[in-house]
Structures are given as C-alpha cells and as structure tokens.
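Listing of coords-v3.csv; format and content: CSV, C-alpha atoms and all ligand atoms.
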chain,number,residue,atom,x,y,z
A,14,MET,CA,-64.2,-82.8,-14.9
A,15,ALA,CA,-65.0,-83.5,-11.3
A,16,ASP,CA,-61.4,-84.2,-10.5
A,17,ARG,CA,-60.0,-81.1,-12.0
A,18,PRO,CA,-59.1,-78.6,-9.2
A,19,ILE,CA,-60.8,-75.4,-8.3
A,20,LEU,CA,-58.3,-72.6,-8.3
A,21,VAL,CA,-58.6,-70.4,-5.3
A,22,THR,CA,-56.5,-67.2,-5.5
A,23,GLY,CA,-55.8,-65.9,-2.0
A,24,GLY,CA,-56.7,-69.3,-0.7
A,25,ALA,CA,-54.2,-69.2,2.2
A,26,GLY,CA,-56.0,-66.1,3.7
A,27,PHE,CA,-58.9,-65.8,6.0
A,28,ILE,CA,-61.9,-66.3,3.6
A,29,GLY,CA,-59.9,-68.4,1.2
A,30,SER,CA,-58.8,-71.0,3.7
A,31,ASN,CA,-62.4,-71.4,5.0
A,32,LEU,CA,-63.5,-71.9,1.4
A,33,VAL,CA,-60.8,-74.5,0.8
A,34,ASP,CA,-62.2,-76.5,3.8
A,35,ALA,CA,-65.7,-76.3,2.4
A,36,LEU,CA,-64.6,-77.4,-1.0
A,37,LEU,CA,-62.6,-80.4,0.3
A,38,ALA,CA,-65.7,-81.4,2.4
A,39,ARG,CA,-67.6,-81.4,-0.9
A,40,GLY,CA,-65.0,-83.7,-2.5
A,41,TYR,CA,-63.3,-81.1,-4.7
A,42,SER,CA,-59.5,-80.8,-5.1
A,43,VAL,CA,-58.1,-77.3,-4.8
A,44,ARG,CA,-55.2,-75.4,-6.1
A,45,VAL,CA,-54.3,-72.3,-4.1
A,46,LEU,CA,-52.4,-69.4,-5.7
A,47,ASP,CA,-51.2,-67.1,-2.9
A,48,ASN,CA,-48.1,-64.9,-2.3
A,49,LEU,CA,-48.4,-65.5,1.4
A,50,SER,CA,-48.3,-61.7,2.1
A,51,THR,CA,-51.1,-61.9,4.7
A,52,GLY,CA,-52.1,-65.6,4.1
A,53,LYS,CA,-50.3,-68.4,5.9
A,54,ARG,CA,-49.4,-72.0,4.9
A,55,ALA,CA,-50.7,-73.1,8.3
A,56,ASN,CA,-54.2,-72.0,7.3
A,57,LEU,CA,-54.3,-74.8,4.8
A,58,PRO,CA,-55.0,-78.3,5.8
A,59,ASP,CA,-52.5,-81.1,5.3
A,60,ASP,CA,-54.5,-82.9,2.6
A,61,GLU,CA,-53.2,-84.3,-0.6
A,62,ARG,CA,-56.1,-82.7,-2.5
A,63,VAL,CA,-54.7,-79.3,-1.7
A,64,GLU,CA,-51.9,-77.9,-3.8
A,65,LEU,CA,-50.3,-74.6,-2.8
A,66,ALA,CA,-48.6,-72.6,-5.6
A,67,VAL,CA,-46.8,-69.7,-4.0
A,68,GLY,CA,-46.9,-66.8,-6.4
A,69,ASP,CA,-48.3,-63.5,-7.3
A,70,VAL,CA,-51.5,-62.7,-9.2
A,71,ALA,CA,-49.7,-59.7,-10.6
A,72,ASP,CA,-47.4,-62.1,-12.5
A,73,ALA,CA,-49.3,-63.1,-15.6
A,74,ALA,CA,-47.2,-66.2,-16.4
A,75,CYS,CA,-47.6,-67.4,-12.8
A,76,VAL,CA,-51.4,-67.0,-13.0
A,77,ARG,CA,-51.5,-68.8,-16.4
A,78,ARG,CA,-49.5,-71.8,-14.9
A,79,ALA,CA,-51.8,-72.0,-11.9
A,80,MET,CA,-55.0,-71.8,-14.1
A,81,SER,CA,-53.9,-74.7,-16.3
A,82,GLY,CA,-56.1,-77.7,-15.9
A,83,CYS,CA,-58.5,-76.0,-13.4
A,84,GLN,CA,-62.3,-76.3,-13.8
A,85,ALA,CA,-63.2,-72.9,-12.2
A,86,VAL,CA,-61.7,-70.0,-10.2
A,87,VAL,CA,-62.5,-68.2,-7.0
A,88,HIS,CA,-60.6,-65.0,-7.2
A,89,LEU,CA,-60.0,-63.7,-3.6
A,90,ALA,CA,-56.4,-62.6,-3.8
A,91,ALA,CA,-56.1,-58.9,-3.0
A,92,VAL,CA,-54.5,-56.5,-0.6
A,93,ALA,CA,-57.6,-56.6,1.6
A,94,SER,CA,-56.7,-53.4,3.5
A,95,VAL,CA,-58.4,-50.1,2.5
A,96,GLN,CA,-55.7,-48.2,4.4
A,97,ALA,CA,-52.8,-50.0,2.6
A,98,SER,CA,-54.4,-48.9,-0.7
A,99,VAL,CA,-54.5,-45.3,0.5
A,100,GLU,CA,-50.8,-45.4,1.5
A,101,ASP,CA,-49.6,-47.3,-1.6
A,102,PRO,CA,-52.1,-47.0,-4.5
A,103,ILE,CA,-49.8,-48.3,-7.2
A,104,GLY,CA,-48.5,-51.3,-5.2
A,105,THR,CA,-52.0,-52.4,-4.2
A,106,HIS,CA,-53.3,-51.8,-7.7
A,107,GLN,CA,-50.9,-54.5,-9.0
A,108,SER,CA,-52.6,-57.1,-6.8
A,109,ASN,CA,-56.1,-55.7,-6.8
A,110,LEU,CA,-56.7,-54.8,-10.5
A,111,ILE,CA,-53.8,-56.2,-12.6
A,112,GLY,CA,-54.3,-59.4,-10.7
A,113,THR,CA,-57.9,-59.6,-11.8
A,114,LEU,CA,-57.0,-58.9,-15.4
A,115,ASN,CA,-54.3,-61.6,-15.2
A,116,VAL,CA,-57.0,-64.0,-14.0
A,117,CYS,CA,-59.3,-63.1,-16.8
A,118,GLU,CA,-56.6,-63.5,-19.5
A,119,ALA,CA,-55.4,-66.8,-18.0
A,120,MET,CA,-59.0,-68.1,-18.1
A,121,ARG,CA,-59.4,-67.1,-21.7
A,122,ALA,CA,-56.2,-68.8,-22.6
A,123,GLU,CA,-56.9,-71.9,-20.7
A,124,GLY,CA,-60.6,-72.2,-21.6
A,125,VAL,CA,-61.9,-71.8,-18.0
A,126,THR,CA,-65.2,-69.9,-17.8
A,127,ARG,CA,-66.6,-69.9,-14.3
A,128,VAL,CA,-65.2,-67.3,-11.9
A,129,LEU,CA,-66.3,-66.0,-8.5
A,130,PHE,CA,-65.0,-62.6,-7.5
A,131,ALA,CA,-64.8,-61.0,-4.1
A,132,SER,CA,-65.8,-57.4,-4.5
A,133,SER,CA,-66.7,-55.2,-1.6
A,134,ALA,CA,-69.4,-52.9,-0.1
A,135,ALA,CA,-66.7,-50.3,-0.3
A,136,VAL,CA,-67.7,-49.6,-3.9
A,137,TYR,CA,-70.8,-47.8,-2.6
A,138,GLY,CA,-68.8,-45.3,-0.6
A,139,ASN,CA,-71.2,-43.3,1.6
A,140,ASN,CA,-74.2,-43.9,-0.7
A,141,GLY,CA,-77.2,-45.5,0.8
A,142,GLU,CA,-75.8,-44.9,4.3
A,143,GLY,CA,-78.5,-45.5,7.0
A,144,GLU,CA,-80.6,-47.6,4.6
A,145,ALA,CA,-80.4,-51.3,3.5
A,146,ILE,CA,-78.1,-50.8,0.5
A,147,ASP,CA,-79.3,-52.6,-2.6
A,148,GLU,CA,-77.3,-53.3,-5.8
A,149,SER,CA,-78.9,-50.5,-7.7
A,150,THR,CA,-77.4,-48.0,-5.3
A,151,PRO,CA,-75.0,-45.8,-7.3
A,152,THR,CA,-71.4,-46.7,-6.7
A,153,ALA,CA,-69.0,-44.1,-5.3
A,154,PRO,CA,-65.6,-45.6,-4.6
A,155,LEU,CA,-63.7,-43.4,-2.2
A,156,THR,CA,-60.4,-45.2,-2.0
A,157,PRO,CA,-58.0,-46.9,-4.4
A,158,TYR,CA,-59.2,-50.2,-2.8
A,159,ALA,CA,-62.8,-49.5,-3.8
A,160,ALA,CA,-61.8,-48.1,-7.2
A,161,ASP,CA,-59.9,-51.3,-8.0
A,162,LYS,CA,-62.7,-53.5,-6.8
A,163,LEU,CA,-65.2,-51.6,-9.0
A,164,ALA,CA,-62.9,-51.6,-12.0
A,165,SER,CA,-62.4,-55.4,-11.5
A,166,GLU,CA,-66.2,-55.8,-11.7
A,167,HIS,CA,-66.3,-53.9,-15.0
A,168,TYR,CA,-63.4,-55.9,-16.5
A,169,LEU,CA,-65.1,-59.2,-15.5
A,170,ASP,CA,-68.3,-58.0,-17.2
A,171,PHE,CA,-66.3,-57.1,-20.3
A,172,TYR,CA,-64.8,-60.6,-20.4
A,173,ARG,CA,-68.4,-62.0,-19.9
A,174,ARG,CA,-69.7,-60.1,-23.0
A,175,GLN,CA,-66.6,-60.5,-25.1
A,176,HIS,CA,-65.2,-63.9,-24.2
A,177,GLY,CA,-68.0,-65.8,-22.6
A,178,LEU,CA,-66.7,-65.9,-19.0
A,179,GLU,CA,-69.3,-66.6,-16.4
A,180,PRO,CA,-68.4,-64.2,-13.5
A,181,ALA,CA,-70.4,-64.3,-10.3
A,182,ILE,CA,-69.5,-61.1,-8.5
A,183,PHE,CA,-70.2,-60.6,-4.8
A,184,ARG,CA,-70.0,-57.4,-2.8
A,185,PHE,CA,-69.0,-58.6,0.6
A,186,PHE,CA,-70.1,-56.6,3.6
A,187,ASN,CA,-68.3,-57.5,6.9
A,188,ILE,CA,-67.1,-61.1,7.0
A,189,TYR,CA,-65.9,-62.5,10.3
A,190,GLY,CA,-64.8,-65.9,11.6
A,191,PRO,CA,-61.8,-68.1,12.4
A,192,ARG,CA,-58.4,-67.3,10.9
A,193,GLN,CA,-59.1,-63.6,10.5
A,194,ASP,CA,-55.8,-62.1,11.6
A,195,PRO,CA,-56.2,-60.1,14.8
A,196,ALA,CA,-52.6,-58.9,14.6
A,197,SER,CA,-53.3,-56.7,11.6
A,198,PRO,CA,-54.4,-53.2,12.5
A,199,TYR,CA,-56.4,-53.2,9.3
A,200,SER,CA,-58.2,-56.4,10.1
A,201,GLY,CA,-61.9,-56.5,10.7
A,202,VAL,CA,-63.2,-55.0,13.9
A,203,ILE,CA,-64.4,-58.4,15.2
A,204,SER,CA,-60.9,-60.0,15.0
A,205,ILE,CA,-59.3,-57.0,16.6
A,206,PHE,CA,-61.8,-56.9,19.5
A,207,THR,CA,-61.8,-60.6,20.1
A,208,GLY,CA,-58.0,-60.8,19.8
A,209,ARG,CA,-57.6,-58.2,22.5
A,210,ALA,CA,-60.5,-59.4,24.7
A,211,GLN,CA,-58.9,-62.9,24.8
A,212,LYS,CA,-55.6,-61.5,26.0
A,213,GLY,CA,-57.4,-59.2,28.5
A,214,MET,CA,-56.0,-56.1,26.7
A,215,PRO,CA,-57.9,-52.9,26.8
A,216,ILE,CA,-60.1,-52.2,23.7
A,217,SER,CA,-60.3,-48.7,22.0
A,218,VAL,CA,-63.4,-47.9,20.0
A,219,PHE,CA,-63.2,-45.1,17.5
A,220,GLY,CA,-66.3,-43.0,17.9
A,221,ASP,CA,-69.3,-43.6,20.2
A,222,GLY,CA,-69.7,-47.3,19.5
A,223,GLU,CA,-73.2,-46.7,18.0
A,224,GLN,CA,-71.9,-47.1,14.4
A,225,THR,CA,-73.3,-50.2,12.8
A,226,ARG,CA,-72.1,-52.9,10.4
A,227,ASP,CA,-73.7,-55.9,8.7
A,228,PHE,CA,-71.6,-58.9,9.9
A,229,ILE,CA,-71.9,-62.3,8.3
A,230,TYR,CA,-70.1,-65.4,9.5
A,231,VAL,CA,-67.5,-66.8,7.0
A,232,GLY,CA,-69.1,-70.3,7.2
A,233,ASP,CA,-72.3,-68.9,5.8
A,234,LEU,CA,-70.5,-67.0,3.0
A,235,VAL,CA,-68.6,-70.0,1.8
A,236,GLU,CA,-71.8,-72.0,1.5
A,237,VAL,CA,-73.0,-69.3,-0.9
A,238,LEU,CA,-69.7,-69.4,-2.8
A,239,VAL,CA,-69.9,-73.2,-3.3
A,240,GLN,CA,-73.5,-72.9,-4.6
A,241,ALA,CA,-72.3,-70.2,-7.1
A,242,LEU,CA,-69.6,-72.6,-8.3
A,243,GLU,CA,-72.1,-75.4,-8.8
A,244,ALA,CA,-75.0,-73.3,-10.3
A,245,PRO,CA,-75.9,-74.4,-13.8
A,246,VAL,CA,-75.9,-70.8,-15.0
A,247,VAL,CA,-74.8,-67.5,-13.4
A,248,GLU,CA,-77.4,-64.8,-13.5
A,249,GLN,CA,-76.0,-61.3,-14.4
A,250,GLY,CA,-75.6,-58.6,-11.9
A,251,VAL,CA,-73.6,-58.2,-8.7
A,252,VAL,CA,-74.8,-59.7,-5.5
A,253,ASN,CA,-74.5,-58.1,-2.0
A,254,VAL,CA,-73.4,-60.5,0.7
A,255,GLY,CA,-74.7,-59.6,4.1
A,256,LEU,CA,-77.6,-60.5,6.5
A,257,ASN,CA,-79.5,-57.2,6.4
A,258,GLN,CA,-78.8,-56.8,10.1
A,259,ALA,CA,-77.3,-53.8,11.7
A,260,THR,CA,-75.1,-54.6,14.7
A,261,SER,CA,-73.5,-51.7,16.6
A,262,LEU,CA,-70.0,-51.9,17.9
A,263,LYS,CA,-71.5,-51.7,21.4
A,264,GLN,CA,-73.7,-54.7,20.8
A,265,LEU,CA,-70.8,-56.5,19.3
A,266,LEU,CA,-68.7,-55.9,22.4
A,267,ALA,CA,-71.6,-57.0,24.7
A,268,ALA,CA,-71.8,-60.2,22.6
A,269,ILE,CA,-68.1,-60.9,23.0
A,270,GLY,CA,-68.3,-60.2,26.7
A,271,ASP,CA,-71.2,-62.7,26.9
A,272,VAL,CA,-69.3,-65.4,25.1
A,273,LEU,CA,-66.0,-64.8,27.1
A,274,GLY,CA,-67.8,-64.2,30.4
A,275,GLY,CA,-66.4,-60.7,30.7
A,276,LEU,CA,-64.6,-57.9,28.9
A,277,PRO,CA,-61.4,-55.9,29.5
A,278,ALA,CA,-61.7,-52.1,29.8
A,279,VAL,CA,-63.3,-50.3,26.8
A,280,SER,CA,-62.5,-46.7,25.9
A,281,TYR,CA,-64.0,-44.5,23.3
A,282,GLN,CA,-61.8,-42.3,21.1
A,283,ALA,CA,-62.4,-39.6,18.5
A,284,PRO,CA,-64.1,-41.0,15.4
A,285,ARG,CA,-61.8,-41.8,12.5
A,286,SER,CA,-62.3,-39.4,9.6
A,287,GLY,CA,-63.9,-41.1,6.6
A,288,ASP,CA,-65.4,-44.0,8.6
A,289,ILE,CA,-68.9,-44.8,7.3
A,290,ARG,CA,-71.4,-44.6,10.3
A,291,HIS,CA,-73.9,-47.2,9.1
A,292,SER,CA,-73.5,-50.0,6.6
A,293,ARG,CA,-76.2,-52.7,6.0
A,294,ALA,CA,-76.9,-54.9,2.9
A,295,ASN,CA,-80.2,-55.3,1.3
A,296,ASN,CA,-79.7,-59.0,0.6
A,297,ALA,CA,-82.9,-59.8,-1.4
A,298,ARG,CA,-80.9,-60.8,-4.5
A,299,LEU,CA,-78.6,-63.0,-2.4
A,300,LEU,CA,-81.6,-64.8,-1.0
A,301,GLN,CA,-83.3,-65.1,-4.4
A,302,ARG,CA,-80.3,-66.7,-6.0
A,303,TYR,CA,-78.7,-68.7,-3.2
A,304,ARG,CA,-79.6,-70.4,0.1
A,305,LEU,CA,-78.1,-69.1,3.3
A,306,PRO,CA,-78.2,-71.5,6.2
A,307,GLU,CA,-81.6,-71.3,7.9
A,308,PRO,CA,-81.3,-69.5,10.2
A,309,PRO,CA,-78.0,-67.9,9.3
A,310,THR,CA,-75.3,-68.2,12.0
A,311,SER,CA,-76.1,-65.8,14.8
A,312,MET,CA,-73.5,-63.3,16.1
A,313,ARG,CA,-73.4,-65.2,19.3
A,314,ALA,CA,-72.9,-68.6,17.6
A,315,GLY,CA,-70.3,-67.2,15.2
A,316,LEU,CA,-68.4,-65.6,18.0
A,317,ALA,CA,-68.4,-68.8,20.0
A,318,LYS,CA,-66.9,-70.6,17.0
A,319,LEU,CA,-64.4,-67.9,16.5
A,320,LEU,CA,-63.4,-68.0,20.2
A,321,GLY,CA,-63.4,-71.7,20.3
A,322,ARG,CA,-66.1,-71.8,23.0
B,401,LIG,N1,-63.0,-59.8,5.1
B,401,LIG,C1,-63.9,-59.0,4.7
B,401,LIG,O1,-64.8,-58.6,5.5
B,401,LIG,C2,-64.0,-58.6,3.2
B,401,LIG,C3,-64.9,-57.6,2.8
B,401,LIG,C4,-65.0,-57.3,1.5
B,401,LIG,C5,-64.2,-57.9,0.6
B,401,LIG,N2,-63.2,-58.8,1.0
B,401,LIG,C6,-62.4,-59.4,-0.1
B,401,LIG,O2,-62.3,-60.8,0.1
B,401,LIG,C7,-61.0,-61.2,-0.3
B,401,LIG,C8,-60.4,-62.1,0.8
B,401,LIG,O3,-60.1,-61.2,1.9
B,401,LIG,P1,-59.7,-61.8,3.4
B,401,LIG,O4,-60.5,-61.0,4.3
B,401,LIG,O5,-59.7,-63.3,3.4
B,401,LIG,O6,-58.2,-61.2,3.5
B,401,LIG,P2,-56.8,-62.0,3.6
B,401,LIG,O7,-55.8,-60.9,3.6
B,401,LIG,O8,-56.9,-62.9,4.7
B,401,LIG,O9,-56.8,-62.8,2.2
B,401,LIG,C9,-56.2,-62.3,1.0
B,401,LIG,C10,-55.2,-63.4,0.5
B,401,LIG,O10,-54.7,-62.9,-0.7
B,401,LIG,C11,-53.3,-63.1,-0.7
B,401,LIG,N3,-52.7,-62.1,-1.6
B,401,LIG,C12,-52.7,-60.8,-1.5
B,401,LIG,N4,-52.1,-60.2,-2.5
B,401,LIG,C13,-51.8,-61.2,-3.4
B,401,LIG,C14,-51.1,-61.3,-4.6
B,401,LIG,N5,-50.7,-60.2,-5.3
B,401,LIG,N6,-50.9,-62.5,-5.2
B,401,LIG,C15,-51.3,-63.6,-4.6
B,401,LIG,N7,-51.9,-63.6,-3.4
B,401,LIG,C16,-52.2,-62.4,-2.8
B,401,LIG,C17,-52.9,-62.9,0.7
B,401,LIG,O11,-51.6,-63.6,1.1
B,401,LIG,C18,-54.1,-63.6,1.5
B,401,LIG,O12,-53.8,-65.0,1.6
B,401,LIG,C19,-60.2,-60.0,-0.7
B,401,LIG,O13,-60.3,-59.8,-2.1
B,401,LIG,C20,-60.9,-58.9,0.0
B,401,LIG,O14,-60.7,-57.6,-0.6
B,401,LIG,C21,-63.1,-59.1,2.3
Since I need it in another form, could you write the structure as structure tokens?
Amino acid sequence: MADRPILVTGGAGFIGSNLVDALLARGYSVRVLDNLSTGKRANLPDDERVELAVGDVADAACVRRAMSGCQAVVHLAAVASVQASVEDPIGTHQSNLIGTLNVCEAMRAEGVTRVLFASSAAVYGNNGEGEAIDESTPTAPLTPYAADKLASEHYLDFYRRQHGLEPAIFRFFNIYGPRQDPASPYSGVISIFTGRAQKGMPISVFGDGEQTRDFIYVGDLVEVLVQALEAPVVEQGVVNVGLNQATSLKQLLAAIGDVLGGLPAVSYQAPRSGDIRHSRANNARLLQRYRLPEPPTSMRAGLAKLLGR
C-alpha cells in the first residue's frame, strides 16, 4: 500500500507542486495529472518517485488511466481564475466540474476511496462579509468558478453516500507562497505585488487598500493536506482553510516593503466592481480536526520565503 502513488491532479501548479514536495519528504511516491495550462514541468522536482502524466481531467479515459494503482487522490486541477470562468463558463466548467466528476468515476472504477478536494471561499459569495465566516454560512456562489466548486462539493458528497468515497473538502481562503505565478493577471494579490516590487515596477491597488483578506502560507496548507490523507477517518463536513486573520492590502504592502527594504510607487485606482471588501475564515473546525504549525507561518516569514530572503 505504502508504495502505491498518491495522485495529485493539478500537481504541476502552485499549490500542487508544494504538496508534491511535502509528500516526497514524507516518503510517498506521486503521480501528477496536469495539462500544463498554468502549471509547469519545472515546478516538479527531478525525482524518480514523481511521475508526470500530461493530460486533462476533462478526459475521462485519461483520468481513469492516471487513477489506476493509486492509493488516494488530491484533486487540485482546475482553472483557478474566477475571471476566466466569467469569460468562458463552458470551457472552465469542463475542468472545474466535469473534471471532478471524472475523478469520482475513476475512483469508483479503480476502488480508490480517499480524496481531498480544493474548494474555495468563493462559494460564500458576499455572505458573512466582515465577520469570521464559518462553514454554516449560507453559500451564494456569484461566478461560474464558485458554482462549479460548490457543485463539485455536492457531487463528492453524493459519491460519499452512494459509493463510499471518503472526501475531505477544503474551502481555501487566500493561499500564497513560492511558485504562485506573478505573470498571471488573475493570480493572487501577493504574487502580483511581490512580482512587481522585486522588479521595481509601480504597483496599482484597486480601491483604498483597506480591504482585507485572510492569507495562509502554502507550506502550512500542505501540512494540513498531508494530515487529511493520513487520517484514519474523514469526518463529514467541509473545512475552511485560513488563519482567521484579516490583513489589509496596505498592511501587506508594508510587510513586502519591510522584507525587500523598500517599495516602488503605489497608486490607488477605482475599486473593481464585485470585489468582496473583507474576507476572513472562522477556522475553528480546521483547528479541531488538523494541526497547523504552531505558530502558523507569519506573513513576514512567509513573504521572506517567497522572496528568497
Ligand atoms: N491559490 C488560492 O488562493 C486558491 C484559493 C481557493 C481555491 N484554490 C484552488 O486550489 C487549486 C490549485 O490552485 P493553484 O492556486 O495552485 O492554481 P494553479 O493554476 O497554479 O494550479 C492549477 C493546476 O491545475 C492544472 N489544470 C488546470 N486545468 C486542468 C485540466 N483541465 N486538466 C488537468 N490539469 C489542469 C494547471 O495546469 C495547474 O497546474 C485549484 O483547484 C484552485 O481553484 C486556490
């Protein structure tokens, strides 16, 4: 059992490749299924225990082949851009919902039961804004991205009840860390700000910079994911992943300036319509089920790792 690989869909991406490193460090072998749309081969280490299958989760036969012989799955592959889903709902749906269904069907066919799924705080829409959002907050998906994530959660629950899958479903808040692509305009705000700051390029902030997000370092997230893979049983119910800490964009910029020893010019533009002003996770359930590093990686320490300082 121990030498059967863990399948990581989207394993060549930002979170996936950080997870692959953590799994290898624990002695696992890993099979990555990735279409390399935003992921990169170079994100994966040159290690004989890592196998890269280049293919699409929207292709059922391809997912079935990748699933064969695996002991568990971490399903991260998705078009991770909300904006892309707004522009191309049908195209992104192939990856973001059909992909999940293909994973479920392949698990059923291959007798694999444990699956971790990357859902998103986007499923809450504007609900709970300004509070620490707990998992009982009503969902209100506002975009095709959020609708596909929420539907994926429901399908996984169906496969749990009907076919005995053991899904551990996580609603990620804002994850940051090394290998997040600063070149993508849809990438997380931290990678965009740090990417520009490192090059000395001016930084534009949409809005007054007082909007807040709950940022968690990718290294802390992958520790939780490994625990969920190894847990004897998966308790039912989705789990928010955040630190229950609100950091404003202004505070974030100050922290980046602190780590880099200065900042380029910062300008404030009109707010983007539809942007949520405050987003923060109530993470009581996360802390009840899993251990975060104690203390969790601070923003300053996380930025220092990201910036190689
Ligand atoms: N980064 C965050 O803050 C955040 C927040 C909430 C949820 N998530 C979710 O976490 C997961 C990982 O996101 P990320 O930030 O690492 O983004 P990413 O774009 O770096 O990773 C996604 C990976 O999936 C691959 N992929 C996309 N479509 C695919 C397809 N059809 N078939 C096979 N591979 C495909 C990409 O090439 C990439 O390697 C995604 O499901 C995303 O929606 C991320």
When the cut-off is 7 Å and you count only C-alpha atoms and all ligand atoms, which residues lie near ligand LIG 401 (chain B), shown as a count of residues only?
40
Please tabulate, as CSV, the residues of region 51-130 of chain A that come within 7 Å of region 157-160 of chain A, each with its closest pair of atoms and the distance in Å to one decimal, counting all atoms listed in the file and ordering rows by chain, then residue number upward.
residue,atom,partner,partner_atom,distance
A:Val95,CA,A:Tyr158,CA,5.4
A:Ser98,CA,A:Tyr158,CA,5.4
A:Val99,CA,A:Pro157,CA,6.2
A:Pro102,CA,A:Pro157,CA,5.9
Take CA of Gly143 (chain A) and CA of His291 (chain A) and report the distance between them in Å, one decimal.
5.3 Å
Could you check which of A:Thr152, A:Gln249, A:Ser42, A:Ser94 is closest to Val136 (chain A), using all atoms listed in the file?
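Checking each of A:Thr152, A:Gln249, A:Ser42, A:Ser94 against Val136 (chain A), counting all atoms listed in the file, the winner is A:Thr152.
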Would you pick out the contacts of region 223-228 of chain A at 9 Å or less, using only C-alpha atoms, so that residues sharing its chain but fewer than 4 positions from it are not included, and give the list as an MDAnalysis selection string?
chainID A and resid 186:189 203 255:264 289:294 312
